[in-house]
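Reproduced below: target_32.cif, with mmCIF, C-alpha atoms.
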data_work
#
loop_
_atom_site.group_PDB
_atom_site.id
_atom_site.type_symbol
_atom_site.label_atom_id
_atom_site.label_comp_id
_atom_site.auth_asym_id
_atom_site.auth_seq_id
_atom_site.Cartn_x
_atom_site.Cartn_y
_atom_site.Cartn_z
ATOM 1 C CA MET A 28 -3.517 2.989 -20.962
ATOM 2 C CA GLU A 29 -6.122 0.482 -19.958
ATOM 3 C CA LYS A 30 -6.653 -0.014 -16.236
ATOM 4 C CA ARG A 31 -6.047 -3.568 -15.074
ATOM 5 C CA ARG A 32 -6.661 -2.918 -11.385
ATOM 6 C CA GLN A 33 -8.741 -0.578 -9.283
ATOM 7 C CA ILE A 34 -7.368 0.974 -6.101
ATOM 8 C CA ILE A 35 -9.532 2.031 -3.179
ATOM 9 C CA TYR A 36 -8.713 3.324 0.287
ATOM 10 C CA PHE A 37 -10.247 1.677 3.325
ATOM 11 C CA LYS A 38 -11.504 4.336 5.739
ATOM 12 C CA ASN A 39 -8.983 7.151 6.256
ATOM 13 C CA TYR A 40 -5.877 5.145 7.196
ATOM 14 C CA PHE A 41 -4.066 5.752 3.910
ATOM 15 C CA ALA A 42 -5.362 9.330 3.559
ATOM 16 C CA VAL A 43 -3.857 10.354 6.911
ATOM 17 C CA PHE A 44 -0.460 9.045 5.793
ATOM 18 C CA PHE A 45 -0.728 10.504 2.275
ATOM 19 C CA ASN A 46 -1.853 13.978 3.370
ATOM 20 C CA ALA A 47 1.108 14.264 5.766
ATOM 21 C CA GLN A 48 3.613 13.985 2.879
ATOM 22 C CA THR A 49 5.180 16.769 0.826
ATOM 23 C CA GLU A 50 3.784 17.473 -2.636
ATOM 24 C CA ARG A 51 6.775 15.841 -4.321
ATOM 25 C CA VAL A 52 6.378 12.657 -2.252
ATOM 26 C CA LYS A 53 2.645 12.645 -3.024
ATOM 27 C CA ASP A 54 3.472 12.901 -6.734
ATOM 28 C CA LYS A 55 5.786 9.885 -6.493
ATOM 29 C CA ILE A 56 3.190 7.874 -4.546
ATOM 30 C CA ASP A 57 0.557 8.791 -7.162
ATOM 31 C CA TYR A 58 2.933 7.649 -9.920
ATOM 32 C CA VAL A 59 3.552 4.260 -8.273
ATOM 33 C CA LEU A 60 -0.190 3.783 -7.643
ATOM 34 C CA TYR A 61 -0.838 4.607 -11.303
ATOM 35 C CA LEU A 62 1.707 1.969 -12.370
ATOM 36 C CA ILE A 63 -0.060 -0.576 -10.194
ATOM 37 C CA THR A 64 -3.361 0.154 -11.917
ATOM 38 C CA VAL A 65 -2.069 -0.155 -15.493
ATOM 39 C CA ALA A 66 0.888 -2.577 -15.475
ATOM 40 C CA GLU A 67 0.201 -6.103 -16.661
ATOM 41 C CA ARG A 68 2.857 -7.366 -14.252
ATOM 42 C CA ILE A 69 3.751 -5.028 -11.399
ATOM 43 C CA PRO A 70 7.549 -4.768 -11.019
ATOM 44 C CA GLY A 71 8.880 -6.202 -7.756
ATOM 45 C CA LYS A 72 10.612 -2.885 -7.158
ATOM 46 C CA PHE A 73 7.189 -1.393 -6.415
ATOM 47 C CA PHE A 74 5.126 -4.280 -5.095
ATOM 48 C CA LYS A 75 5.953 -7.225 -2.833
ATOM 49 C CA TYR A 76 3.972 -10.060 -1.258
ATOM 50 C CA LEU A 77 4.724 -10.405 2.449
ATOM 51 C CA GLU A 78 5.281 -14.095 3.184
ATOM 52 C CA GLY A 79 3.243 -15.602 6.019
ATOM 53 C CA THR A 80 0.727 -12.748 6.188
ATOM 54 C CA ASP A 81 -2.277 -14.386 4.544
ATOM 55 C CA GLY A 82 -2.472 -12.021 1.591
ATOM 56 C CA LEU A 83 -0.800 -8.820 2.747
ATOM 57 C CA PHE A 84 1.336 -6.885 0.243
ATOM 58 C CA GLU A 85 3.471 -3.776 0.483
ATOM 59 C CA ILE A 86 3.722 -1.023 -2.080
ATOM 60 C CA ARG A 87 7.265 0.305 -2.162
ATOM 61 C CA VAL A 88 7.981 3.946 -2.934
ATOM 62 C CA GLU A 89 11.464 5.463 -2.971
ATOM 63 C CA PHE A 90 11.942 9.199 -3.221
ATOM 64 C CA GLU A 91 15.366 10.782 -2.963
ATOM 65 C CA SER A 92 16.892 9.048 0.087
ATOM 66 C CA ASN A 93 13.521 8.234 1.689
ATOM 67 C CA ILE A 94 11.665 4.933 1.592
ATOM 68 C CA PHE A 95 7.909 4.692 2.054
ATOM 69 C CA ARG A 96 5.746 1.589 2.399
ATOM 70 C CA ILE A 97 1.994 1.201 2.006
ATOM 71 C CA PHE A 98 0.321 -2.004 3.138
ATOM 72 C CA CYS A 99 -2.499 -3.374 0.999
ATOM 73 C CA CYS A 100 -4.294 -6.522 -0.136
ATOM 74 C CA PHE A 101 -6.289 -7.764 -3.102
ATOM 75 C CA ASP A 102 -10.033 -8.329 -3.032
ATOM 76 C CA GLU A 103 -12.367 -9.602 -5.734
ATOM 77 C CA GLY A 104 -9.587 -10.243 -8.227
ATOM 78 C CA ASN A 105 -8.193 -6.918 -9.351
ATOM 79 C CA LEU A 106 -9.320 -4.654 -6.531
ATOM 80 C CA VAL A 107 -6.401 -3.325 -4.441
ATOM 81 C CA ILE A 108 -7.340 -2.104 -0.950
ATOM 82 C CA LEU A 109 -4.883 0.382 0.586
ATOM 83 C CA PHE A 110 -4.361 0.322 4.329
ATOM 84 C CA ASN A 111 -1.742 2.224 6.345
ATOM 85 C CA GLY A 112 1.485 3.751 5.112
ATOM 86 C CA PHE A 113 4.689 4.820 6.806
ATOM 87 C CA GLN A 114 8.174 6.115 6.153
ATOM 88 C CA LYS A 115 10.751 3.392 6.662
ATOM 89 C CA LYS A 116 13.645 4.722 8.702
ATOM 90 C CA SER A 117 15.702 1.589 9.359
ATOM 91 C CA GLN A 118 16.320 -1.912 8.045
ATOM 92 C CA LYS A 119 14.202 -3.402 10.831
ATOM 93 C CA ILE A 120 10.602 -4.413 10.216
ATOM 94 C CA PRO A 121 8.318 -1.820 11.850
ATOM 95 C CA TRP A 122 6.189 -4.313 13.807
ATOM 96 C CA LYS A 123 3.814 -1.597 15.032
ATOM 97 C CA GLU A 124 2.892 -0.675 11.436
ATOM 98 C CA PHE A 125 2.788 -4.322 10.376
ATOM 99 C CA ASP A 126 0.419 -5.226 13.234
ATOM 100 C CA LYS A 127 -1.729 -2.206 12.364
ATOM 101 C CA ALA A 128 -2.000 -3.420 8.742
ATOM 102 C CA ILE A 129 -3.091 -6.903 9.877
ATOM 103 C CA ARG A 130 -5.731 -5.333 12.158
ATOM 104 C CA ILE A 131 -7.005 -3.043 9.362
ATOM 105 C CA LYS A 132 -7.180 -5.969 6.927
ATOM 106 C CA LYS A 133 -9.289 -7.959 9.412
ATOM 107 C CA GLU A 134 -11.486 -4.900 9.960
ATOM 108 C CA TYR A 135 -11.985 -4.472 6.197
ATOM 109 C CA PHE A 136 -13.092 -8.056 5.601
ATOM 110 C CA SER A 137 -15.229 -8.083 8.751
ATOM 111 C CA GLU A 138 -17.120 -4.988 7.603
ATOM 112 C CA LYS A 139 -17.359 -6.289 4.038
ATOM 113 C CA ASN A 140 -18.893 -9.570 5.157
ATOM 114 C CA LYS A 141 -21.599 -7.945 7.310
#
Whole structure, structure tokens version:
Amino acid sequence: MEKRRQIIYFKNYFAVFFNAQTERVKDKIDYVLYLITVAERIPGKFFKYLEGTDGLFEIRVEFESNIFRIFCCFDEGNLVILFNGFQKKSQKIPWKEFDKAIRIKKEYFSEKNK
């Protein structure tokens, strides 16, 4: 399949999260990331814009009874920048992880614009 988007990781934020997962969870994350790169329209089940965040999105991964989220944003059209990820353990918004994603996004664009 033809790639429609490119995914990159900013620093090691995503890698730390990813490497801490089991092989089966990593496989599922890889599958969802692959879908994001090739799908013409990314299904809402896997990808959601976060209202009021000035361009922050979350990648949604479900595996067995576990839910994982990866914060990201778009840059230069079809470039997806991955930030931090976490395992969602309740219905509440994990403000610590959300604030971290906002800080990483600012850091990314600050470094890019230097």
Restricting to all atoms listed in the file, whichever of A:Lys115, A:Ala42, A:Glu85, A:Tyr36 is closest to Lys72 of chain A is A:Glu85
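When all atoms listed in the file are used to measure the gap to Leu60 of chain A, the shortest distance among A:Asn93, A:Gln48, A:Gln33, A:Asn105 belongs to A:Gln33.
Take the PyMOL selection byres ((chain A and resi 31) around 6) and apply it to this file: it picks Lys30, Arg32, Thr64 and Val65 of chain A.
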Write out the residues from the selection above, keeping C-alpha atoms, as a compact mmCIF listing (two decimals), in the coordinates of the input.
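This went into part.txt:
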# COMPACT_ATOMS: atom_id res chain seq x y z
CA LYS A 30 -6.65 -0.01 -16.24
CA ARG A 32 -6.66 -2.92 -11.38
CA THR A 64 -3.36 0.15 -11.92
CA VAL A 65 -2.07 -0.16 -15.49
Residue members of the PyMOL selection byres ((chain A and resi 75) around 12) in the file shown, as an mmCIF file with C-alpha atoms, in the frame of the given file:
data_model
loop_
_atom_site.group_PDB
_atom_site.id
_atom_site.type_symbol
_atom_site.label_atom_id
_atom_site.label_comp_id
_atom_site.auth_asym_id
_atom_site.auth_seq_id
_atom_site.Cartn_x
_atom_site.Cartn_y
_atom_site.Cartn_z
ATOM 1 C CA ILE A 63 -0.060 -0.576 -10.194
ATOM 2 C CA ARG A 68 2.857 -7.366 -14.252
ATOM 3 C CA ILE A 69 3.751 -5.028 -11.399
ATOM 4 C CA PRO A 70 7.549 -4.768 -11.019
ATOM 5 C CA GLY A 71 8.880 -6.202 -7.756
ATOM 6 C CA LYS A 72 10.612 -2.885 -7.158
ATOM 7 C CA PHE A 73 7.189 -1.393 -6.415
ATOM 8 C CA PHE A 74 5.126 -4.280 -5.095
ATOM 9 C CA TYR A 76 3.972 -10.060 -1.258
ATOM 10 C CA LEU A 77 4.724 -10.405 2.449
ATOM 11 C CA GLU A 78 5.281 -14.095 3.184
ATOM 12 C CA THR A 80 0.727 -12.748 6.188
ATOM 13 C CA GLY A 82 -2.472 -12.021 1.591
ATOM 14 C CA LEU A 83 -0.800 -8.820 2.747
ATOM 15 C CA PHE A 84 1.336 -6.885 0.243
ATOM 16 C CA GLU A 85 3.471 -3.776 0.483
ATOM 17 C CA ILE A 86 3.722 -1.023 -2.080
ATOM 18 C CA ARG A 87 7.265 0.305 -2.162
ATOM 19 C CA VAL A 88 7.981 3.946 -2.934
ATOM 20 C CA ARG A 96 5.746 1.589 2.399
ATOM 21 C CA ILE A 97 1.994 1.201 2.006
ATOM 22 C CA PHE A 98 0.321 -2.004 3.138
ATOM 23 C CA CYS A 99 -2.499 -3.374 0.999
ATOM 24 C CA CYS A 100 -4.294 -6.522 -0.136
#
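Proximity to Phe37 of chain A was assessed for A:Leu62, A:Arg130, A:Leu109, A:Pro121 counting all atoms listed in the file; the smallest distance is recorded for A:Leu109.
Atom CA of Asp126 of chain A sits 27.9 Å away from atom CA of Glu50 of chain A.
The spacing separating atom CA of Phe113 of chain A from atom CA of Phe95 of chain A amounts to 5.7 Å.
With distances restricted to all atoms listed in the file, A:Asp81 is the closest residue to Ile129 of chain A from A:Ile94, A:Tyr40, A:Met28, A:Asp81.
Between atom CA of Lys139 of chain A and atom CA of Glu67 of chain A the interatomic distance comes to 27.1 Å.
Among the candidates A:Phe110, A:Ile34, A:Lys116, A:Asp54, the one nearest to Lys133 of chain A when counting only C-alpha atoms is A:Phe110.
Residue nearest Lys127 of chain A, chosen from A:Asn140, A:Tyr58, A:Gly112, A:Gly79 and counting all atoms listed in the file: A:Gly112.
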For segment 73-87 of chain A, I'd like the enclosing box, axis-aligned and padded by 6 Å on every side, reported as lines of an AutoDock Vina configuration file with centre and edge lengths in Å to one decimal.
center_x = 2.4
center_y = -7.6
center_z = -0.1
size_x = 21.7
size_y = 27.9
size_z = 24.6
